[in-house]
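Asks: Data: run29.cif, mmCIF, C-alpha atoms.
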data_final
loop_
_atom_site.label_atom_id
_atom_site.label_comp_id
_atom_site.auth_asym_id
_atom_site.auth_seq_id
_atom_site.Cartn_x
_atom_site.Cartn_y
_atom_site.Cartn_z
CA MET F 225 75.23 13.56 19.58
CA THR F 226 72.13 12.37 17.79
CA ARG F 227 71.46 15.87 16.60
CA ALA F 228 74.91 16.22 15.19
CA ARG F 229 74.85 12.74 13.71
CA THR F 230 71.62 13.52 11.94
CA ASP F 231 73.00 16.83 10.76
CA VAL F 232 76.00 15.05 9.34
CA GLU F 233 73.76 12.60 7.52
CA GLN F 234 71.65 15.40 6.11
CA VAL F 235 74.71 17.29 4.95
CA GLU F 236 76.03 14.15 3.30
CA LEU F 237 72.70 13.73 1.52
CA ALA F 238 72.76 17.33 0.32
CA ASN F 239 76.32 16.86 -0.90
CA THR F 240 75.35 13.69 -2.76
CA ALA F 241 72.28 15.41 -4.22
CA PHE F 242 74.50 18.20 -5.56
CA TYR F 243 76.75 15.80 -7.48
CA GLU F 244 73.80 13.74 -8.69
CA ALA F 245 72.14 16.88 -10.06
CA LEU F 246 75.37 17.67 -11.91
CA GLU F 247 75.49 14.14 -13.29
CA ARG F 248 71.92 14.48 -14.56
CA GLY F 249 72.63 17.91 -16.05
CA ASP F 250 69.78 19.10 -13.84
CA PHE F 251 70.25 22.86 -13.77
CA ASP F 252 67.22 23.50 -11.55
CA GLY F 253 68.39 20.85 -9.12
CA VAL F 254 71.82 22.46 -8.89
CA SER F 255 70.26 25.89 -8.58
CA ASP F 256 68.00 24.74 -5.73
CA LEU F 257 70.99 23.47 -3.77
CA TRP F 258 72.69 26.88 -3.63
CA LEU F 259 71.74 29.43 -0.99
CA ASP F 260 69.50 32.19 -2.23
CA ALA F 261 68.97 35.71 -0.94
CA ALA F 262 66.30 34.71 1.58
CA ASP F 263 68.55 32.05 3.11
CA LEU F 264 71.33 34.53 3.76
CA ALA F 265 69.18 37.41 4.93
CA ASP F 266 71.04 37.53 8.24
CA ALA F 267 74.48 37.51 6.69
CA GLU F 268 76.66 40.53 6.16
CA THR F 269 78.86 40.76 3.13
CA TYR F 270 81.75 43.03 2.50
CA THR F 271 83.81 43.44 -0.60
CA GLY F 272 87.21 44.66 0.41
CA PRO F 273 88.87 47.72 -1.03
CA GLN F 274 90.50 47.05 -4.38
CA ASP F 275 93.82 48.26 -3.07
CA PRO F 276 96.09 48.86 -6.05
CA ASP F 277 99.10 48.04 -3.89
CA GLY F 278 97.38 44.96 -2.63
CA ASP F 279 100.07 44.07 -0.12
CA THR F 280 98.68 42.28 2.89
CA GLY F 281 100.88 44.46 5.02
CA ALA F 282 99.63 47.64 3.43
CA GLY F 283 96.55 47.92 5.58
CA THR F 284 93.81 46.22 3.62
CA ALA F 285 91.84 46.38 6.83
CA THR F 286 91.44 48.96 9.50
CA THR F 287 90.00 48.11 12.83
CA GLY F 288 87.69 50.51 14.54
CA ASP F 289 88.07 49.50 18.14
CA PRO F 290 89.35 46.00 18.76
CA ASP F 291 88.48 46.30 22.46
CA HIS F 292 84.80 46.68 21.68
CA PRO F 293 84.01 44.03 19.09
CA GLU F 294 80.30 44.28 19.81
CA GLY F 295 80.23 48.03 20.31
CA PRO F 296 76.73 49.23 19.49
CA ASP F 297 77.72 52.84 18.85
CA SER F 298 78.39 54.35 15.44
CA PRO F 299 75.88 52.48 13.34
CA ASP F 300 77.05 54.35 10.27
CA GLY F 301 80.60 53.13 10.45
CA ASP F 302 80.36 51.16 7.22
CA ASP F 303 82.60 53.36 5.13
CA GLY F 304 83.96 51.25 2.34
CA ALA F 305 81.49 48.46 2.96
CA ASP F 306 79.62 47.37 -0.08
CA ALA F 307 76.81 44.94 0.55
CA ALA F 308 76.43 42.58 -2.37
CA SER F 309 73.64 43.82 -4.55
CA ASP F 310 73.58 40.84 -6.89
CA GLY F 311 72.30 38.28 -4.42
CA PRO F 312 73.83 36.48 -1.49
CA ALA F 313 77.53 36.03 -1.07
CA ILE F 314 77.83 32.53 -2.44
CA ALA F 315 81.18 31.66 -3.96
CA CYS F 316 82.29 29.02 -6.42
CA VAL F 317 85.64 27.99 -7.85
CA HIS F 318 85.75 25.42 -10.65
CA PRO F 319 89.08 23.64 -11.25
CA GLY F 320 91.56 26.15 -12.65
CA TRP F 321 89.02 28.99 -12.61
CA PRO F 322 88.99 32.30 -10.74
CA VAL F 323 86.42 32.88 -7.98
CA LEU F 324 82.81 33.36 -9.06
CA THR F 325 80.52 35.13 -6.60
CA GLY F 326 76.78 35.68 -6.41
CA ARG F 327 74.03 33.49 -7.83
CA GLY F 328 74.18 35.16 -11.24
CA GLU F 329 77.82 34.34 -11.93
CA VAL F 330 77.75 30.97 -10.24
CA LEU F 331 74.64 29.64 -11.94
CA ARG F 332 75.71 30.96 -15.34
CA SER F 333 78.91 28.94 -14.97
CA TYR F 334 76.90 25.75 -14.39
CA ALA F 335 74.73 26.47 -17.43
CA LEU F 336 77.92 26.88 -19.46
CA ILE F 337 79.51 23.71 -18.12
CA MET F 338 76.34 21.69 -18.71
CA ALA F 339 76.07 23.00 -22.27
CA ASN F 340 79.58 21.73 -22.97
CA THR F 341 79.38 18.42 -21.14
CA GLU F 342 77.68 15.46 -22.72
CA TYR F 343 78.49 13.06 -19.92
CA ILE F 344 79.87 13.46 -16.43
CA GLN F 345 80.14 11.11 -13.51
CA PHE F 346 81.57 11.78 -10.06
CA PHE F 347 83.07 9.01 -7.97
CA LEU F 348 83.41 10.58 -4.55
CA THR F 349 86.09 9.32 -2.19
CA ASP F 350 87.74 10.61 1.00
CA LEU F 351 84.47 12.18 2.10
CA ARG F 352 84.67 14.11 5.36
CA VAL F 353 81.82 16.04 6.92
CA SER F 354 82.16 18.38 9.87
CA VAL F 355 79.19 20.24 11.31
CA ALA F 356 79.48 23.18 13.70
CA GLY F 357 76.26 25.01 14.49
CA ASP F 358 74.49 25.98 11.29
CA THR F 359 77.49 25.46 9.04
CA ALA F 360 78.93 22.28 7.61
CA LEU F 361 82.30 21.73 6.01
CA VAL F 362 82.62 18.91 3.50
CA THR F 363 85.80 17.82 1.80
CA CYS F 364 85.99 15.09 -0.79
CA THR F 365 87.92 13.85 -3.77
CA GLU F 366 85.94 14.05 -7.00
CA ASN F 367 87.17 11.31 -9.33
CA ILE F 368 85.56 12.67 -12.49
CA LEU F 369 84.88 10.87 -15.72
CA SER F 370 83.49 13.21 -18.34
CA GLY F 371 83.00 13.60 -22.05
CA GLY F 372 82.21 16.52 -24.28
CA PRO F 373 79.86 16.62 -27.25
CA ALA F 374 80.41 14.02 -29.97
CA PRO F 375 83.12 15.22 -32.35
CA GLN F 376 81.22 13.86 -35.37
CA GLU F 377 77.65 13.17 -36.28
CA GLY F 378 76.87 9.60 -35.35
CA ASP F 379 79.48 9.33 -32.59
CA GLU F 380 77.90 8.69 -29.23
CA LEU F 381 80.22 10.80 -27.12
CA GLY F 382 83.33 12.86 -27.23
CA PRO F 383 86.44 11.25 -25.76
CA LEU F 384 86.11 10.43 -22.07
CA VAL F 385 88.51 12.26 -19.81
CA GLY F 386 89.43 11.39 -16.24
CA GLN F 387 90.21 14.15 -13.77
CA LEU F 388 91.38 14.07 -10.20
CA VAL F 389 89.83 16.99 -8.35
CA VAL F 390 89.49 17.85 -4.66
CA ALA F 391 86.61 19.90 -3.33
CA THR F 392 85.73 21.87 -0.24
CA ASN F 393 81.99 22.43 0.05
CA VAL F 394 80.49 24.68 2.72
CA PHE F 395 76.80 24.25 3.53
CA ARG F 396 74.44 26.39 5.63
CA ARG F 397 71.40 25.09 7.45
CA THR F 398 68.17 26.65 6.10
CA ALA F 399 64.47 26.06 6.68
CA ASP F 400 64.57 24.17 3.40
CA GLY F 401 67.53 21.94 4.25
CA TRP F 402 71.28 22.32 3.89
CA LYS F 403 72.34 24.57 1.01
CA LEU F 404 75.67 25.37 -0.56
CA TRP F 405 77.37 28.58 0.51
CA SER F 406 80.67 27.80 -1.19
CA HIS F 407 82.14 25.20 -3.53
CA HIS F 408 85.86 25.21 -4.27
CA ALA F 409 87.21 22.51 -6.56
CA SER F 410 90.79 22.23 -7.77
CA PRO F 411 92.91 19.84 -9.78
CA VAL F 412 95.36 17.59 -7.97
CA LEU F 413 98.51 18.26 -9.96
CA ALA F 414 101.26 16.52 -8.07
CA GLU F 415 101.86 13.80 -5.55
CA SER F 416 102.26 16.49 -2.86
CA GLY F 417 105.77 16.17 -1.41
CA ASP F 418 107.06 19.70 -1.26
CA GLU F 419 106.35 20.24 -4.93
CA GLU F 420 104.17 23.30 -5.26
CA ASP F 421 102.89 22.87 -8.81
CA ASP F 422 104.94 22.94 -11.93
CA GLU F 423 101.99 23.29 -14.27
CA THR F 424 101.07 26.68 -12.97
CA PRO F 425 101.27 29.28 -15.69
CA ALA F 426 103.61 31.67 -13.97
CA MET Q 106 74.53 45.91 11.66
CA THR Q 107 77.37 47.34 13.66
CA ARG Q 108 78.03 43.97 15.18
CA ALA Q 109 78.15 42.32 11.77
CA ARG Q 110 80.30 45.10 10.39
CA THR Q 111 82.69 44.61 13.24
CA ASP Q 112 82.67 40.86 12.63
CA VAL Q 113 83.60 41.46 9.03
CA GLU Q 114 86.47 43.71 10.08
CA GLN Q 115 87.71 41.16 12.58
CA VAL Q 116 87.56 38.40 9.99
CA GLU Q 117 89.44 40.56 7.54
CA LEU Q 118 92.11 41.18 10.19
CA ALA Q 119 92.39 37.46 10.91
CA ASN Q 120 92.70 36.76 7.19
CA THR Q 121 95.40 39.40 6.84
CA ALA Q 122 97.20 38.06 9.92
CA PHE Q 123 97.23 34.59 8.37
CA TYR Q 124 98.99 35.76 5.21
CA GLU Q 125 101.37 38.01 7.14
CA ALA Q 126 102.38 35.07 9.33
CA LEU Q 127 103.08 33.08 6.15
CA GLU Q 128 105.15 35.96 4.76
CA ARG Q 129 107.21 36.06 7.97
CA GLY Q 130 107.62 32.28 7.98
CA ASP Q 131 106.06 32.45 11.44
CA PHE Q 132 105.03 28.86 12.08
CA ASP Q 133 103.60 29.58 15.54
CA GLY Q 134 101.61 32.47 14.15
CA VAL Q 135 100.11 30.28 11.44
CA SER Q 136 99.48 27.51 13.94
CA ASP Q 137 97.65 29.89 16.31
CA LEU Q 138 95.31 30.97 13.52
CA TRP Q 139 93.97 27.46 12.91
CA LEU Q 140 91.18 26.04 15.06
CA ASP Q 141 92.32 23.62 17.70
CA ALA Q 142 90.48 20.84 19.46
CA ALA Q 143 89.06 23.08 22.17
CA ASP Q 144 87.62 25.50 19.60
CA LEU Q 145 85.70 22.76 17.83
CA ALA Q 146 84.52 20.89 20.92
CA ASP Q 147 80.91 21.29 19.83
CA ALA Q 148 81.49 20.12 16.30
CA GLU Q 149 80.78 16.65 15.04
CA THR Q 150 82.98 15.06 12.44
CA TYR Q 151 82.27 12.11 10.29
CA THR Q 152 84.53 10.38 7.86
CA GLY Q 153 82.38 8.78 5.23
CA PRO Q 154 82.58 5.13 4.31
CA GLN Q 155 85.42 4.41 1.95
CA ASP Q 156 83.02 2.90 -0.54
CA PRO Q 157 85.05 1.00 -3.14
CA ASP Q 158 82.38 1.74 -5.72
CA GLY Q 159 82.38 5.34 -4.71
CA ASP Q 160 79.43 6.26 -6.89
CA THR Q 161 77.44 9.16 -5.48
CA GLY Q 162 74.28 7.22 -6.18
CA ALA Q 163 75.38 4.20 -4.20
CA GLY Q 164 73.90 5.37 -0.93
CA THR Q 165 76.87 6.79 0.92
CA ALA Q 166 74.51 8.14 3.56
CA THR Q 167 71.46 6.93 5.41
CA THR Q 168 69.25 9.34 7.25
CA GLY Q 169 68.09 8.52 10.74
CA ASP Q 170 65.22 10.83 11.52
CA PRO Q 171 65.12 14.01 9.49
CA ASP Q 172 62.06 15.21 11.41
CA HIS Q 173 64.00 15.56 14.64
CA PRO Q 174 67.20 17.32 13.78
CA GLU Q 175 67.53 18.68 17.29
CA GLY Q 176 66.50 15.54 19.19
CA PRO Q 177 68.50 15.46 22.41
CA ASP Q 178 67.85 11.79 23.23
CA SER Q 179 70.16 8.83 22.69
CA PRO Q 180 73.51 10.49 23.28
CA ASP Q 181 75.26 7.32 22.17
CA GLY Q 182 73.72 7.13 18.75
CA ASP Q 183 76.93 7.74 16.90
CA ASP Q 184 77.15 4.37 15.19
CA GLY Q 185 79.35 4.69 12.18
CA ALA Q 186 80.46 8.15 13.17
CA ASP Q 187 84.15 8.48 13.63
CA ALA Q 188 85.12 11.53 15.60
CA ALA Q 189 88.50 12.71 14.45
CA SER Q 190 91.07 11.43 16.89
CA ASP Q 191 93.93 13.51 15.56
CA GLY Q 192 92.45 16.88 16.38
CA PRO Q 193 89.59 18.92 15.02
CA ALA Q 194 88.29 18.59 11.52
CA ILE Q 195 90.25 21.39 9.95
CA ALA Q 196 90.98 21.01 6.25
CA CYS Q 197 93.58 22.54 3.97
CA VAL Q 198 94.27 22.34 0.25
CA HIS Q 199 97.44 23.91 -1.14
CA PRO Q 200 97.52 24.66 -4.89
CA GLY Q 201 97.63 21.37 -6.77
CA TRP Q 202 97.61 19.28 -3.58
CA PRO Q 203 95.14 16.76 -2.24
CA VAL Q 204 93.10 17.56 0.88
CA LEU Q 205 94.95 17.61 4.18
CA THR Q 206 92.87 17.17 7.32
CA GLY Q 207 93.54 17.56 11.03
CA ARG Q 208 96.09 19.80 12.71
CA GLY Q 209 98.87 17.23 12.38
CA GLU Q 210 98.75 16.99 8.59
CA VAL Q 211 97.93 20.64 8.04
CA LEU Q 212 100.64 22.09 10.25
CA ARG Q 213 103.27 19.66 8.96
CA SER Q 214 102.52 20.94 5.45
CA TYR Q 215 103.21 24.50 6.53
CA ALA Q 216 106.46 23.48 8.19
CA LEU Q 217 107.46 21.80 4.93
CA ILE Q 218 106.49 24.76 2.79
CA MET Q 219 108.31 27.19 5.08
CA ALA Q 220 111.44 25.03 5.00
CA ASN Q 221 111.47 25.24 1.22
CA THR Q 222 110.52 28.86 0.81
CA GLU Q 223 113.11 31.55 1.26
CA TYR Q 224 110.80 34.39 0.35
CA ILE Q 225 107.08 34.69 -0.15
CA GLN Q 226 104.79 37.65 -0.51
CA PHE Q 227 101.03 37.71 -0.97
CA PHE Q 228 99.29 40.55 -2.78
CA LEU Q 229 95.65 39.99 -1.97
CA THR Q 230 93.00 41.24 -4.38
CA ASP Q 231 89.30 40.58 -4.91
CA LEU Q 232 88.79 40.17 -1.18
CA ARG Q 233 85.24 39.26 -0.18
CA VAL Q 234 84.11 38.54 3.37
CA SER Q 235 80.73 37.12 4.29
CA VAL Q 236 79.75 36.46 7.89
CA ALA Q 237 76.76 34.33 8.91
CA GLY Q 238 76.45 33.55 12.60
CA ASP Q 239 79.71 32.14 13.91
CA THR Q 240 81.14 31.32 10.52
CA ALA Q 241 82.82 33.55 7.98
CA LEU Q 242 83.55 32.86 4.34
CA VAL Q 243 86.45 34.71 2.75
CA THR Q 244 87.45 34.53 -0.88
CA CYS Q 245 90.45 36.29 -2.35
CA THR Q 246 93.00 36.16 -5.10
CA GLU Q 247 96.51 35.49 -3.82
CA ASN Q 248 98.96 37.10 -6.20
CA ILE Q 249 102.05 35.28 -4.94
CA LEU Q 250 105.68 36.19 -5.45
CA SER Q 251 107.97 33.56 -4.00
CA GLY Q 252 111.48 32.26 -4.14
CA GLY Q 253 113.13 29.07 -2.96
CA PRO Q 254 116.54 28.69 -1.32
CA ALA Q 255 119.50 30.19 -3.15
CA PRO Q 256 120.72 27.78 -5.81
CA GLN Q 257 124.36 28.55 -5.04
CA GLU Q 258 126.33 29.70 -2.06
CA GLY Q 259 126.47 33.47 -2.16
CA ASP Q 260 123.29 33.97 -4.11
CA GLU Q 261 120.73 35.87 -2.16
CA LEU Q 262 117.63 34.03 -3.32
CA GLY Q 263 116.41 31.40 -5.66
CA PRO Q 264 114.59 32.62 -8.75
CA LEU Q 265 111.41 34.51 -7.96
CA VAL Q 266 108.24 32.93 -9.24
CA GLY Q 267 104.86 34.56 -9.66
CA GLN Q 268 101.71 32.53 -9.13
CA LEU Q 269 98.06 33.36 -9.52
CA VAL Q 270 96.08 31.50 -6.90
CA VAL Q 271 92.52 31.84 -5.62
CA ALA Q 272 91.58 30.94 -2.07
CA THR Q 273 88.46 30.18 -0.08
CA ASN Q 274 89.06 30.58 3.65
CA VAL Q 275 86.45 29.58 6.23
CA PHE Q 276 86.77 31.03 9.73
CA ARG Q 277 84.95 30.15 12.96
CA ARG Q 278 84.35 32.55 15.82
CA THR Q 279 86.10 31.45 19.00
CA ALA Q 280 86.65 32.98 22.43
CA ASP Q 281 90.13 33.78 21.16
CA GLY Q 282 89.05 35.45 17.92
CA TRP Q 283 88.32 34.16 14.43
CA LYS Q 284 90.23 31.01 13.52
CA LEU Q 285 90.65 29.07 10.29
CA TRP Q 286 88.48 26.01 9.82
CA SER Q 287 89.37 25.51 6.18
CA HIS Q 288 91.76 26.95 3.60
CA HIS Q 289 91.48 25.89 -0.02
CA ALA Q 290 93.86 27.46 -2.53
CA SER Q 291 94.11 26.57 -6.20
CA PRO Q 292 95.97 27.76 -9.26
CA VAL Q 293 94.13 29.83 -11.84
CA LEU Q 294 94.98 27.96 -15.00
CA ALA Q 295 92.91 29.57 -17.70
CA GLU Q 296 91.10 32.72 -18.61
CA SER Q 297 87.41 32.25 -18.05
CA GLY Q 298 84.67 34.16 -19.81
CA ASP Q 299 83.92 36.53 -16.98
CA GLU Q 300 87.48 37.08 -15.89
CA GLU Q 301 87.79 40.28 -13.93
CA ASP Q 302 91.45 40.96 -13.55
CA ASP Q 303 93.73 41.49 -16.50
CA GLU Q 304 96.90 41.05 -14.50
CA THR Q 305 96.70 37.33 -14.97
CA PRO Q 306 100.13 36.03 -15.82
CA ALA Q 307 98.64 33.21 -17.87
#
For the structure just supplied, provide its representation as structure tokens.
Replies:
Amino acid sequence: MTRARTDVEQVELANTAFYEALERGDFDGVSDLWLDAADLADAETYTGPQDPDGDTGAGTATTGDPDHPEGPDSPDGDDGADAASDGPAIACVHPGWPVLTGRGEVLRSYALIMANTEYIQFFLTDLRVSVAGDTALVTCTENILSGGPAPQEGDELGPLVGQLVVATNVFRRTADGWKLWSHHASPVLAESGDEEDDETPA
Amino acid sequence: MTRARTDVEQVELANTAFYEALERGDFDGVSDLWLDAADLADAETYTGPQDPDGDTGAGTATTGDPDHPEGPDSPDGDDGADAASDGPAIACVHPGWPVLTGRGEVLRSYALIMANTEYIQFFLTDLRVSVAGDTALVTCTENILSGGPAPQEGDELGPLVGQLVVATNVFRRTADGWKLWSHHASPVLAESGDEEDDETPA
């Protein structure tokens, strides 16, 4: 109990530190809070086949022997597997963006966002933390107030914009504290109901 | 290696099974693929204080003893912790929706979506699976083709709508296979700089 409680507190601190680093425009701080290659040394990554048909029913996966999930034979059975060469398999989705994977892509996106953001503040609500083993799942609502660069010389800030965003953050326990494995943030477009989303560009 | 490779395959199968169950409108199948209370018996959940100020800097967490993360003493030290009473701490975000948590909310949302969806097909692309210990992170692009109920008697289907959605799915290993801990799906609204697929309908 105490262990888990302390884990939860530590995860919450890491989550808070992440948003505070973003508020400060602290690129190194953000960078430090993402897993790096050493942290994920034990992980195995696989990039699935880019099936042109793509149908989920069309066999995007083949199973070797479901009766022997731990089968130690055939160590070379990794046909099609493609271990990530550009760093660990971290993943990041900014609101309305496609998936970014690997430290290169993910950190570049933060550099880009910081370069175009003069001011940003996160008011976190609905925070939930769940820890299971060495992984933690955090969900929260990011009530964002942000402003771009000043439109004219002499103006202090660009217009402030409010955004309602929800985030799912996955952390891994490392020797250096809890680090982000995945961040997925998305705009809240509708009041739920059964409305899917009418602003989707279809 | 072989073990991890097999884990990745099993996770990919569970991910595929999830989308196939959605395509079939198979509520029980979807329900079976989400963690239930027994699966997360070892997990600790905490719902953060609903701080009216909400600022990330306002001390939403206090740390007990960071030097003893594994301390087994004081089993009752869960002051402030609020174990989820409505099931395990699963979380789900549909495109444009707020966060849903707990099996009750999550499964009701699927019942609602299935009731309003006559036809849905997922073409998964950009699949990436990463397994670390008992947790797996899956990201993919869901190229969705869906249709609602027929607008008029005699029509076969409502108009078909295409949607470009990205998803982050987190699975946990259980005695009964890999199960969903979190699903976060969001619309891709804009072309980003490092966009990889040109089939974007935007």
Asks: Under the PyMOL selection byres ((chain F and resi 243-247) around 10), which residues of this model are included? Write them out as a count of residues only.
Replies: 31
Asks: How far is it from CA of Asp260 (chain F) to CA of Asp350 (chain F), in Å with one decimal?
Replies: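 Interatomic distance here is 28.4 Å.
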Asks: For each of F:Val330, F:Leu384, F:Val353, F:Ala261, take the minimum atom-to-atom distance to chain Q, counting all atoms listed in the file, then give the residue where this is smallest.
Replies: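 Among the listed residues, F:Val353 lies closest to chain Q.
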Asks: So how many Å separate CA of Val385 (chain F) and CA of Pro200 (chain Q), to one decimal?
Replies: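 Between CA of Val385 (chain F) and CA of Pro200 (chain Q) the gap is 21.4 Å.
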Asks: To one decimal place in Å, what is the distance between CA of Pro411 (chain F) and CA of Leu217 (chain Q)?
Replies: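 Atom-to-atom, CA of Pro411 (chain F) to CA of Leu217 (chain Q), that is 20.8 Å.
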Asks: For chain Q, which of F:Ser410, F:Gln387, F:Ser333, F:Thr398 is the closest residue, counting all atoms listed in the file?
Replies: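 Closest residue, counting all atoms listed in the file: F:Ser410.
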Asks: May I have the residues within 7 Å of Cys364 (chain F) as a compact mmCIF listing (two decimals) with C-alpha atoms, in the coordinates of the input, using all atoms listed in the file and disregarding those fewer than 4 positions away in the same chain?
Replies:
# COMPACT_ATOMS: atom_id res chain seq x y z
CA LEU F 348 83.41 10.58 -4.55
CA THR F 349 86.09 9.32 -2.19
CA ASP F 350 87.74 10.61 1.00
CA LEU F 351 84.47 12.18 2.10
CA ARG F 352 84.67 14.11 5.36
CA VAL F 390 89.49 17.85 -4.66
CA ALA F 391 86.61 19.90 -3.33
CA THR F 392 85.73 21.87 -0.24
Asks: Which residues, protein or nucleic acid, reach to within 7 Å of (92.8, 17.6, 9.7) in the file's coordinates when using all atoms listed in the file, and can you give that as a PyMOL selection string?
Replies: chain Q and resi 192-196+205-211
Asks: For each of F:Ile368, F:Val412, F:Ala335, F:Val362, take the minimum atom-to-atom distance to chain Q, counting all atoms listed in the file, then give the residue where this is smallest.
Replies: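 So, comparing all the options, the nearest one is F:Val412.
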Asks: Go through F:Gln376, F:Ser354, F:Asn393, F:Ser406 and flag the residue nearest chain Q, using all atoms listed in the file for the distances.
Replies: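 Among the listed residues, F:Ser354 lies closest to chain Q.
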Asks: Determine the nearest neighbour of chain Q from the options F:Leu388, F:Ala356, F:Cys316, F:Ala374, counting all atoms listed in the file.
Replies: F:Ala356
Asks: Which one of Q:Leu140, Q:Leu294, Q:Leu242, Q:Val275 sits closest to chain F if you count only C-alpha atoms?
Replies: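 Of Q:Leu140, Q:Leu294, Q:Leu242, Q:Val275, the one nearest chain F is Q:Leu294, counting only C-alpha atoms.
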